[in-house]
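**Student:** Got query.txt for you, compact mmCIF, C-alpha atoms and all ligand atoms:
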```
# COMPACT_ATOMS: atom_id res chain seq x y z
CA MET Y 1 -26.30 -16.26 -18.85
CA TRP Y 2 -24.15 -15.47 -15.81
CA ALA Y 3 -25.29 -13.67 -12.69
CA GLU Y 4 -25.58 -9.96 -13.29
CA ARG Y 5 -23.60 -9.03 -10.20
CA THR Y 6 -20.20 -9.74 -11.76
CA SER Y 7 -21.00 -7.91 -14.99
CA HIS Y 8 -20.63 -4.50 -13.32
CA PHE Y 9 -16.88 -4.65 -12.81
CA SER Y 10 -13.78 -6.09 -14.45
CA LEU Y 11 -10.47 -7.57 -13.38
CA SER Y 12 -8.18 -5.00 -11.85
CA GLY Y 13 -6.12 -2.66 -14.04
CA ILE Y 14 -3.07 -3.88 -12.15
CA ARG Y 15 -3.42 -7.35 -13.68
CA GLU Y 16 -3.78 -5.76 -17.11
CA MET Y 17 -0.35 -4.22 -16.76
CA PHE Y 18 1.20 -7.54 -15.74
CA ALA Y 19 -0.24 -9.07 -18.90
CA LEU Y 20 1.91 -6.58 -20.85
CA THR Y 21 5.08 -7.55 -18.99
CA LYS Y 22 7.88 -8.64 -21.31
CA PRO Y 23 10.87 -10.70 -20.22
CA GLY Y 24 13.47 -8.40 -18.70
CA ALA Y 25 10.99 -5.61 -17.88
CA ILE Y 26 11.51 -3.90 -14.53
CA ASN Y 27 8.44 -4.35 -12.42
CA LEU Y 28 7.51 -1.31 -10.33
CA GLY Y 29 3.89 -2.44 -10.28
CA LEU Y 30 4.06 -4.85 -7.39
CA GLY Y 31 1.77 -4.61 -4.39
CA GLN Y 32 3.86 -6.81 -2.17
CA PRO Y 33 7.18 -6.54 -0.35
CA ASP Y 34 10.09 -7.89 -2.40
CA PHE Y 35 11.42 -9.56 0.77
CA ASP Y 36 11.11 -13.14 1.90
CA THR Y 37 9.06 -14.09 4.96
CA PRO Y 38 11.41 -13.89 7.99
CA ALA Y 39 13.05 -17.21 8.94
CA HIS Y 40 11.50 -17.58 12.41
CA ILE Y 41 8.02 -17.34 10.85
CA LYS Y 42 8.81 -20.02 8.30
CA GLU Y 43 10.20 -22.20 11.10
CA ALA Y 44 6.93 -21.88 12.99
CA ALA Y 45 5.06 -23.05 9.89
CA LYS Y 46 7.37 -26.03 9.44
CA GLU Y 47 6.90 -26.97 13.07
CA ALA Y 48 3.11 -26.66 12.73
CA LEU Y 49 3.24 -29.07 9.77
CA ASP Y 50 5.40 -31.54 11.69
CA ARG Y 51 3.07 -31.35 14.68
CA GLY Y 52 0.09 -32.16 12.47
CA TYR Y 53 -1.80 -28.86 12.43
CA THR Y 54 -3.27 -29.78 9.07
CA GLY Y 55 -6.99 -29.87 9.84
CA TYR Y 56 -9.73 -27.28 10.26
CA THR Y 57 -9.27 -24.81 13.08
CA PRO Y 58 -12.05 -23.10 15.06
CA ASN Y 59 -14.02 -20.93 12.58
CA LYS Y 60 -12.72 -17.73 14.13
CA GLY Y 61 -9.15 -18.99 14.30
CA PHE Y 62 -6.89 -20.41 17.00
CA PRO Y 63 -7.65 -18.64 20.32
CA GLU Y 64 -3.95 -17.93 20.94
CA LEU Y 65 -3.68 -16.14 17.59
CA ILE Y 66 -6.74 -14.06 18.47
CA ASP Y 67 -5.10 -13.21 21.82
CA ALA Y 68 -1.97 -12.16 19.92
CA ILE Y 69 -4.08 -9.84 17.74
CA VAL Y 70 -5.70 -8.39 20.89
CA SER Y 71 -2.22 -7.65 22.30
CA TYR Y 72 -0.99 -6.25 18.96
CA TYR Y 73 -3.83 -3.71 18.83
CA GLU Y 74 -3.16 -2.59 22.42
CA GLN Y 75 -0.20 -0.63 21.00
CA TYR Y 76 -2.75 1.51 19.11
CA GLY Y 77 -5.00 2.02 22.13
CA VAL Y 78 -7.66 -0.37 20.82
CA GLN Y 79 -9.22 -2.55 23.52
CA THR Y 80 -10.64 -5.66 21.94
CA GLY Y 81 -11.29 -9.33 22.77
CA GLN Y 82 -11.98 -12.86 21.56
CA GLU Y 83 -15.59 -12.13 20.63
CA GLN Y 84 -14.55 -9.22 18.39
CA ILE Y 85 -12.02 -10.89 16.11
CA ILE Y 86 -12.17 -13.30 13.15
CA CYS Y 87 -9.04 -14.64 11.46
CA THR Y 88 -9.59 -14.52 7.71
CA SER Y 89 -7.97 -15.48 4.46
CA GLY Y 90 -6.02 -12.26 4.09
CA GLY Y 91 -7.13 -8.67 4.49
CA SER Y 92 -9.08 -9.26 1.27
CA GLU Y 93 -11.50 -11.63 2.98
CA ALA Y 94 -11.63 -9.35 6.01
CA LEU Y 95 -12.84 -6.52 3.75
CA HIS Y 96 -15.32 -8.82 2.04
CA LEU Y 97 -16.83 -9.87 5.38
CA ALA Y 98 -17.24 -6.24 6.42
CA PHE Y 99 -19.10 -5.35 3.21
CA GLU Y 100 -21.28 -8.47 3.28
CA ALA Y 101 -22.30 -8.00 6.90
CA LEU Y 102 -23.00 -4.26 6.65
CA ILE Y 103 -24.35 -3.37 3.23
CA ASN Y 104 -27.96 -3.77 2.08
CA PRO Y 105 -28.96 -3.28 -1.57
CA GLY Y 106 -29.06 0.46 -2.25
CA ASP Y 107 -26.87 1.43 0.71
CA GLU Y 108 -24.24 3.99 -0.16
CA VAL Y 109 -20.57 3.38 0.61
CA ILE Y 110 -18.17 6.31 0.52
CA LEU Y 111 -14.83 5.31 -0.98
CA PRO Y 112 -11.57 7.25 -1.19
CA ASP Y 113 -10.83 8.11 -4.83
CA PRO Y 114 -8.14 7.26 -5.83
CA GLY Y 115 -8.30 4.20 -3.58
CA PHE Y 116 -7.47 0.51 -3.41
CA VAL Y 117 -8.96 -1.43 -6.34
CA ALA Y 118 -11.07 -3.86 -4.27
CA TYR Y 119 -13.39 -1.37 -2.58
CA LEU Y 120 -15.60 -0.66 -5.58
CA PRO Y 121 -16.22 -4.30 -6.62
CA LEU Y 122 -16.80 -5.31 -2.99
CA THR Y 123 -19.42 -2.56 -2.72
CA LEU Y 124 -21.12 -3.76 -5.90
CA VAL Y 125 -21.03 -7.45 -4.94
CA ALA Y 126 -22.79 -6.53 -1.69
CA GLY Y 127 -25.45 -4.61 -3.69
CA GLY Y 128 -24.24 -1.23 -2.46
CA VAL Y 129 -23.80 2.03 -4.32
CA PRO Y 130 -20.23 3.34 -4.47
CA VAL Y 131 -19.85 7.06 -3.80
CA SER Y 132 -16.42 8.51 -4.41
CA ALA Y 133 -14.82 11.04 -2.09
CA ARG Y 134 -11.91 12.74 -3.78
CA VAL Y 135 -8.50 12.68 -2.16
CA SER Y 136 -6.46 15.54 -3.50
CA ALA Y 137 -2.74 15.98 -4.11
CA ASP Y 138 -3.18 19.40 -2.44
CA ASP Y 139 -3.83 17.59 0.86
CA ASN Y 140 -0.98 15.14 0.24
CA PHE Y 141 -3.75 12.68 -0.69
CA ARG Y 142 -5.13 12.59 2.86
CA LEU Y 143 -8.90 12.13 2.78
CA GLN Y 144 -10.51 15.17 4.38
CA PRO Y 145 -13.56 14.96 6.66
CA ASP Y 146 -15.13 17.84 4.67
CA ALA Y 147 -14.84 15.85 1.44
CA VAL Y 148 -16.62 12.96 3.18
CA ALA Y 149 -19.27 15.24 4.73
CA ASP Y 150 -20.11 16.50 1.22
CA ARG Y 151 -20.89 12.96 0.12
CA VAL Y 152 -22.96 11.83 3.13
CA THR Y 153 -26.69 11.24 2.52
CA ASP Y 154 -29.38 9.45 4.52
CA LYS Y 155 -28.43 6.31 2.56
CA THR Y 156 -24.78 6.33 3.66
CA LYS Y 157 -24.02 3.05 5.41
CA ALA Y 158 -20.24 2.97 5.44
CA LEU Y 159 -17.06 4.92 4.79
CA VAL Y 160 -13.86 3.18 3.81
CA ILE Y 161 -10.61 4.59 5.16
CA ASN Y 162 -7.19 3.26 4.25
CA SER Y 163 -4.20 4.60 6.15
CA PRO Y 164 -1.39 4.26 5.17
CA ALA Y 165 -2.96 4.29 1.73
CA ASN Y 166 -2.60 2.36 -1.46
CA PRO Y 167 -1.99 3.85 -4.08
CA THR Y 168 -0.81 7.17 -2.63
CA GLY Y 169 1.19 6.41 0.53
CA ALA Y 170 -0.91 8.99 2.41
CA VAL Y 171 -1.19 8.71 6.18
CA GLN Y 172 -4.23 10.17 7.96
CA ARG Y 173 -3.78 12.39 11.01
CA ARG Y 174 -5.56 11.73 14.31
CA ASN Y 175 -7.74 14.85 13.97
CA GLU Y 176 -8.92 13.64 10.56
CA MET Y 177 -9.78 10.22 12.00
CA GLN Y 178 -11.63 12.05 14.78
CA GLY Y 179 -13.57 13.94 12.09
CA PHE Y 180 -14.56 10.71 10.30
CA VAL Y 181 -15.72 9.13 13.56
CA GLU Y 182 -17.81 12.20 14.43
CA LEU Y 183 -19.47 12.05 11.01
CA ALA Y 184 -20.16 8.34 11.50
CA ASP Y 185 -21.70 9.02 14.92
CA ASP Y 186 -23.77 11.96 13.68
CA HIS Y 187 -25.07 10.20 10.56
CA ASP Y 188 -25.20 6.66 11.91
CA PHE Y 189 -22.84 4.89 9.53
CA TYR Y 190 -19.85 2.60 9.98
CA ILE Y 191 -16.18 3.00 9.15
CA ILE Y 192 -14.38 0.15 7.43
CA SER Y 193 -10.75 0.83 8.27
CA ASP Y 194 -8.24 -0.94 6.05
CA GLU Y 195 -5.03 -1.01 8.08
CA VAL Y 196 -2.91 -3.51 6.15
CA TYR Y 197 0.01 -1.05 5.92
CA ASP Y 198 -0.10 -0.08 9.62
CA LYS Y 199 3.59 -0.84 10.18
CA ILE Y 200 4.92 0.52 6.90
CA LEU Y 201 5.10 4.02 8.17
CA TYR Y 202 7.95 6.56 7.91
CA LYS Y 203 6.73 9.16 10.34
CA GLY Y 204 4.54 9.28 13.44
CA LYS Y 205 2.41 6.44 14.74
CA HIS Y 206 -0.45 4.58 13.14
CA VAL Y 207 -3.89 5.81 14.24
CA SER Y 208 -6.76 3.34 14.13
CA PRO Y 209 -10.22 4.94 14.22
CA ALA Y 210 -11.18 1.97 16.44
CA SER Y 211 -9.13 3.66 19.18
CA ILE Y 212 -11.55 6.60 18.97
CA ASP Y 213 -14.87 4.73 18.77
CA PRO Y 214 -14.66 0.92 18.58
CA ASP Y 215 -18.46 0.68 18.18
CA ARG Y 216 -18.36 2.42 14.80
CA VAL Y 217 -15.39 0.69 13.22
CA ILE Y 218 -14.59 -2.56 11.47
CA VAL Y 219 -10.85 -2.98 11.14
CA ALA Y 220 -9.46 -5.11 8.31
CA ASN Y 221 -5.82 -6.02 8.66
CA SER Y 222 -3.43 -8.81 7.73
CA VAL Y 223 0.11 -10.06 8.12
CA SER Y 224 0.63 -9.83 4.33
CA LYS Y 225 2.59 -6.61 4.02
CA THR Y 226 4.13 -6.19 7.48
CA TYR Y 227 5.74 -9.63 7.54
CA ALA Y 228 6.16 -10.18 3.79
CA MET Y 229 3.51 -12.91 3.92
CA THR Y 230 1.19 -12.08 1.02
CA GLY Y 231 0.98 -15.69 -0.14
CA TRP Y 232 0.12 -17.08 3.29
CA ARG Y 233 -3.37 -15.54 3.13
CA LEU Y 234 -3.83 -14.57 6.73
CA GLY Y 235 -5.76 -11.54 7.88
CA TYR Y 236 -8.36 -10.58 10.45
CA THR Y 237 -11.29 -8.36 11.33
CA ILE Y 238 -11.78 -6.44 14.55
CA ALA Y 239 -15.36 -5.24 15.03
CA PRO Y 240 -18.10 -4.87 17.62
CA ALA Y 241 -19.23 -8.31 18.88
CA ALA Y 242 -22.69 -8.07 17.24
CA ILE Y 243 -21.22 -7.37 13.78
CA THR Y 244 -18.56 -10.01 14.31
CA GLU Y 245 -21.30 -12.58 14.82
CA GLU Y 246 -22.86 -11.65 11.48
CA MET Y 247 -19.50 -11.64 9.70
CA LEU Y 248 -18.75 -15.04 11.22
CA LYS Y 249 -21.77 -16.51 9.45
CA VAL Y 250 -20.40 -15.37 6.09
CA HIS Y 251 -16.89 -16.51 6.98
CA GLN Y 252 -18.13 -19.91 8.14
CA TYR Y 253 -19.94 -20.64 4.92
CA ILE Y 254 -17.48 -19.24 2.41
CA GLN Y 255 -14.19 -20.06 4.08
CA ALA Y 256 -14.75 -22.29 7.15
CA CYS Y 257 -11.48 -21.09 8.65
CA ALA Y 258 -8.27 -19.31 7.73
CA PRO Y 259 -5.42 -21.68 6.72
CA SER Y 260 -4.18 -23.58 9.79
CA ILE Y 261 -0.45 -23.46 9.02
CA SER Y 262 -0.66 -19.75 8.19
CA GLN Y 263 -2.37 -19.11 11.52
CA LYS Y 264 0.55 -20.74 13.34
CA ALA Y 265 2.98 -18.68 11.25
CA ALA Y 266 1.03 -15.48 11.93
CA TYR Y 267 1.18 -16.20 15.66
CA ALA Y 268 4.98 -16.37 15.41
CA ALA Y 269 4.97 -13.18 13.33
CA LEU Y 270 2.89 -11.17 15.81
CA THR Y 271 4.54 -12.45 19.00
CA GLY Y 272 8.16 -12.86 17.81
CA SER Y 273 10.96 -10.39 17.16
CA GLN Y 274 9.92 -7.32 15.16
CA ASP Y 275 13.50 -6.61 14.02
CA SER Y 276 12.86 -7.76 10.47
CA VAL Y 277 9.87 -5.43 10.19
CA ARG Y 278 11.98 -2.47 11.31
CA ALA Y 279 14.75 -3.43 8.87
CA MET Y 280 12.27 -3.74 5.99
CA VAL Y 281 10.68 -0.36 6.74
CA GLU Y 282 14.13 1.29 6.81
CA LYS Y 283 14.89 -0.19 3.39
CA PHE Y 284 11.58 1.08 2.06
CA ARG Y 285 12.30 4.51 3.52
CA ALA Y 286 15.68 4.69 1.76
CA ARG Y 287 14.10 3.62 -1.54
CA ARG Y 288 11.30 6.13 -1.14
CA ASN Y 289 13.93 8.83 -0.84
CA VAL Y 290 15.68 7.56 -3.98
CA VAL Y 291 12.38 7.57 -5.90
CA MET Y 292 11.53 11.10 -4.73
CA HIS Y 293 14.99 12.23 -5.82
CA HIS Y 294 14.46 10.76 -9.30
CA LEU Y 295 11.03 12.38 -9.59
CA LYS Y 296 12.35 15.85 -8.86
CA GLY Y 297 11.88 18.03 -11.92
CA ILE Y 298 10.01 15.44 -13.99
CA ALA Y 299 6.74 15.03 -12.03
CA GLU Y 300 4.60 16.51 -9.29
CA CYS Y 301 4.53 14.11 -6.38
CA ALA Y 302 3.44 14.26 -2.74
CA THR Y 303 6.00 12.65 -0.44
CA PRO Y 304 4.48 9.39 0.78
CA GLU Y 305 4.51 8.84 4.55
CA GLY Y 306 3.67 5.15 4.46
CA ALA Y 307 3.11 1.99 2.37
CA PHE Y 308 5.54 1.49 -0.56
CA TYR Y 309 3.99 3.49 -3.38
CA VAL Y 310 4.36 6.93 -4.90
CA PHE Y 311 1.62 8.48 -7.00
CA PRO Y 312 3.21 11.10 -9.28
CA ARG Y 313 1.66 13.18 -12.03
CA PHE Y 314 3.93 13.51 -15.05
CA THR Y 315 3.50 16.43 -17.38
CA THR Y 316 2.73 14.62 -20.63
CA SER Y 317 -0.15 14.68 -23.08
CA TYR Y 318 -0.75 10.95 -22.54
CA THR Y 319 -3.58 9.59 -20.40
CA SER Y 320 -2.28 7.55 -17.50
CA LEU Y 321 -3.15 4.32 -19.34
CA GLU Y 322 -1.34 5.45 -22.49
CA LEU Y 323 1.69 6.46 -20.46
CA THR Y 324 1.84 3.13 -18.62
CA LYS Y 325 1.54 1.27 -21.93
CA LYS Y 326 4.41 3.32 -23.38
CA LEU Y 327 6.45 2.62 -20.28
CA ALA Y 328 5.64 -1.09 -20.49
CA GLU Y 329 6.85 -1.14 -24.10
CA ALA Y 330 10.03 0.61 -22.95
CA GLY Y 331 10.52 -2.01 -20.21
CA VAL Y 332 9.06 -0.54 -16.99
CA ILE Y 333 5.83 -1.75 -15.43
CA VAL Y 334 3.84 0.76 -13.39
CA VAL Y 335 0.08 0.99 -12.83
CA PRO Y 336 -2.17 3.69 -14.36
CA GLY Y 337 -3.73 5.98 -11.77
CA SER Y 338 -7.10 5.51 -13.45
CA ALA Y 339 -7.14 1.91 -12.16
CA PHE Y 340 -7.75 3.40 -8.69
CA GLY Y 341 -10.72 5.63 -9.53
CA GLN Y 342 -11.71 8.55 -11.72
CA PHE Y 343 -9.57 10.99 -9.73
CA GLY Y 344 -6.49 8.86 -10.27
CA GLU Y 345 -6.38 9.88 -13.95
CA GLY Y 346 -3.20 11.73 -14.84
CA HIS Y 347 -1.19 9.85 -12.22
CA VAL Y 348 0.68 6.55 -12.18
CA ARG Y 349 1.37 4.31 -9.21
CA ILE Y 350 5.00 3.38 -8.81
CA SER Y 351 5.83 0.70 -6.27
CA TYR Y 352 9.28 0.80 -4.71
CA ALA Y 353 9.07 -2.81 -3.59
CA ALA Y 354 12.03 -3.31 -5.92
CA SER Y 355 15.81 -3.16 -5.57
CA HIS Y 356 17.65 0.16 -5.54
CA GLU Y 357 19.41 -0.90 -8.73
CA ASN Y 358 16.14 -1.67 -10.52
CA ILE Y 359 14.66 1.63 -9.36
CA ASP Y 360 17.66 3.49 -10.82
CA ARG Y 361 17.44 1.58 -14.10
CA ALA Y 362 13.68 2.09 -14.33
CA PHE Y 363 14.04 5.85 -13.83
CA GLN Y 364 16.59 6.09 -16.63
CA ILE Y 365 13.88 4.71 -18.92
CA ILE Y 366 11.11 6.82 -17.39
CA LYS Y 367 13.19 10.02 -17.75
CA GLU Y 368 13.91 9.27 -21.40
CA LEU Y 369 10.24 8.65 -22.11
CA VAL Y 370 8.77 11.68 -20.36
CA ALA Y 371 11.52 14.09 -21.48
C1 LIG W 1 -5.02 -1.33 0.75
C2 LIG W 1 -5.02 -2.81 0.68
N1 LIG W 1 -5.93 -3.49 1.39
C3 LIG W 1 -5.99 -4.82 1.38
C4 LIG W 1 -5.13 -5.56 0.61
C5 LIG W 1 -5.27 -7.04 0.63
O1 LIG W 1 -4.16 -7.67 1.16
P1 LIG W 1 -4.19 -9.15 1.69
O2 LIG W 1 -5.44 -9.80 1.24
O3 LIG W 1 -2.97 -9.80 1.12
O4 LIG W 1 -4.11 -9.06 3.18
C6 LIG W 1 -4.16 -4.91 -0.16
C7 LIG W 1 -3.24 -5.65 -1.06
O5 LIG W 1 -2.63 -5.12 -1.95
C8 LIG W 1 -4.10 -3.50 -0.12
O6 LIG W 1 -3.18 -2.80 -0.81
```
Would you mind giving the structure from this file in structure tokens?
**Tutor:**
Amino acid sequence: MWAERTSHFSLSGIREMFALTKPGAINLGLGQPDFDTPAHIKEAAKEALDRGYTGYTPNKGFPELIDAIVSYYEQYGVQTGQEQIICTSGGSEALHLAFEALINPGDEVILPDPGFVAYLPLTLVAGGVPVSARVSADDNFRLQPDAVADRVTDKTKALVINSPANPTGAVQRRNEMQGFVELADDHDFYIISDEVYDKILYKGKHVSPASIDPDRVIVANSVSKTYAMTGWRLGYTIAPAAITEEMLKVHQYIQACAPSISQKAAYAALTGSQDSVRAMVEKFRARRNVVMHHLKGIAECATPEGAFYVFPRFTTSYTSLELTKKLAEAGVIVVPGSAFGQFGEGHVRISYAASHENIDRAFQIIKELVA
């Protein structure tokens, strides 16, 4: 009765775990900072309301916000401009636009596996064929250009890269990005670069593949994670002008414009003090260290270099779904690795967007269960 396109995928495994949440359970399943949006950003939103910014904005977004995004990406060596950016309803819409504008039915899209839950459904909605490229714990979950090269065919249209990565916290090196760009140039495909965790980084500096070849890359980013603004729904794409024009058609008809008040808030976020971002990242770093300490001796786990997740493998006879269900019954919510792709099986994703105290309490329960 319904359109076939939605029958090929289901709601994310992350939601399934939340459905099991009992009162009092400790939630280490969250994909958002457990911090409030910084005060100066909220003030900017209040002021925008008072000044009557309650109507549609230009389809692409307020020009001053686009200028702020241009300046923000200068720090990564990406030269961009007004005609290359669209403000979207979160990074989620930014990704959707990229898939809709690039993928024809039958085109292959190479996805990191394990990888963020949206890539596979977005590929299918666009009529594409998902092709998984394994990321291995042996490489600290960094996608390797060789693993991508093995999956390239003459139907490859796009490769998705996500650094820092959800669910593993892996951060790609510049030489790896260089390798992906060379493959894209040689085999004439595009890179969709999901950079929503660009600032949640514990080591080194974020590398955008758009700094290597802007003609091959569509960046999807948002203010969601960096500024603790997940509910504001404000993201953006950066892409070559010709692709931006095509994406704008989709954006115009499905969204019209990103939320006006959120655009004003995002402008304050990008142009204002970055102290709160630095403070948040330091807190995440300390919690990551606590989590790694707890995991010692009970699981194999690569040390994450970014985002706020760890992706351990516990030595148990349970599948990752069985283990997460057992943990949920015992009062700790985590996400089964299998929700992120076939190669996530055996792992669980633990988010440390939770208080130090809750992390300690959760690990008491986890240790009892896996012992
Ligand atoms: C890797 C990744 N990309 C994109 C998103 C979408 O974020 P948003 O739509 O809030 O910008 C998320 C959210 O969890 C994510 O983890």
**Student:** Return as a ChimeraX atom specification every polymer residue, whether protein, DNA or RNA, with at least one atom no more than 10 Å from an atom of ligand LIG 1 (chain W); count all atoms listed in the file.
**Tutor:** /Y:30-32,88-96,115-119,161-167,169,193-197,220-226,228-236,307-309
**Student:** Given the choices Y:Val135, Y:Ala241, Y:Leu28, Y:Ala339, which gets closest to Val291 of chain Y if the distance is worked out from all atoms listed in the file?
**Tutor:**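 That would be Y:Leu28, the residue with the smallest distance to Val291 of chain Y.
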**Student:** Any idea what's packed within 12 Å of segment 351-356 of chain Y, counting only C-alpha atoms, ignoring anything in its chain fewer than 6 positions away? Could you give it as a PyMOL selection string?
**Tutor:** chain Y and resi 14+26-36+166-169+200+225+228+280-281+283-292+294+304+306-312+332-336+362-363
**Student:** So which residues touch Leu323 of chain Y within 12 Å, counting only C-alpha atoms, skipping near sequence neighbours fewer than 6 positions away, as a ChimeraX atom specification?
**Tutor:** /Y:17,313-317,329-330,332-338,345-349,366,369-370
**Student:** Can you write just those residues out, C-alpha atoms, as a compact mmCIF listing (two decimals), in the frame of the given file?
**Tutor:**
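Result saved to part.txt:
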```txt
# COMPACT_ATOMS: atom_id res chain seq x y z
CA MET Y 17 -0.35 -4.22 -16.76
CA ARG Y 313 1.66 13.18 -12.03
CA PHE Y 314 3.93 13.51 -15.05
CA THR Y 315 3.50 16.43 -17.38
CA THR Y 316 2.73 14.62 -20.63
CA SER Y 317 -0.15 14.68 -23.08
CA GLU Y 329 6.85 -1.14 -24.10
CA ALA Y 330 10.03 0.61 -22.95
CA VAL Y 332 9.06 -0.54 -16.99
CA ILE Y 333 5.83 -1.75 -15.43
CA VAL Y 334 3.84 0.76 -13.39
CA VAL Y 335 0.08 0.99 -12.83
CA PRO Y 336 -2.17 3.69 -14.36
CA GLY Y 337 -3.73 5.98 -11.77
CA SER Y 338 -7.10 5.51 -13.45
CA GLU Y 345 -6.38 9.88 -13.95
CA GLY Y 346 -3.20 11.73 -14.84
CA HIS Y 347 -1.19 9.85 -12.22
CA VAL Y 348 0.68 6.55 -12.18
CA ARG Y 349 1.37 4.31 -9.21
CA ILE Y 366 11.11 6.82 -17.39
CA LEU Y 369 10.24 8.65 -22.11
CA VAL Y 370 8.77 11.68 -20.36
```
**Student:** From the options Y:Glu368, Y:Ser320, Y:Ser273, Y:Tyr190, which residue's atoms come nearest to Phe340 of chain Y, counting all atoms listed in the file?
**Tutor:**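 Of the candidates, the smallest distance to Phe340 of chain Y is held by Y:Ser320.
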**Student:** Which of these, Y:Gln178, Y:Gln255, Y:Gln82, Y:Thr37, has the shortest distance to Glu64 of chain Y once you count only C-alpha atoms?
**Tutor:** Y:Gln82
**Student:** Go through Y:Ile41, Y:Val109, Y:Val148, Y:Ala133 and flag the residue nearest Ser276 of chain Y, using all atoms listed in the file for the distances.
**Tutor:**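 Residue with the minimum atom-to-atom distance to Ser276 of chain Y: Y:Ile41.
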**Student:** Pick from Y:Gly272, Y:Gly179, Y:Gly344, Y:Pro209: nearest to Tyr73 of chain Y, with all atoms listed in the file counted?
**Tutor:**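 With all atoms listed in the file as the atom set, the closest residue is Y:Pro209.
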**Student:** Compare Y:Ile66, Y:Leu111, Y:Ala39, Y:Ala170 by their minimum atom-to-atom distance to Tyr202 of chain Y, counting only C-alpha atoms, and give me the closest one.
**Tutor:**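 Of Y:Ile66, Y:Leu111, Y:Ala39, Y:Ala170, the one nearest Tyr202 of chain Y is Y:Ala170, counting only C-alpha atoms.
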**Student:** Excluding Ala239 of chain Y and its own-chain neighbours fewer than 2 positions away, which residues fall within 7 Å of it when counting all atoms listed in the file? Please give them as a PyMOL selection string.
**Tutor:** chain Y and resi 84-85+217-219+237+241+243-244
**Student:** In Å, with one decimal, what is the gap from atom CA of Tyr56 of chain Y to atom CA of Ile86 of chain Y?
**Tutor:**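 Between these atoms lies a distance of 14.5 Å.
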**Student:** Take atom CA of Pro105 of chain Y and atom CA of Gly128 of chain Y and report the distance between them in Å, one decimal.
**Tutor:** 5.2 Å
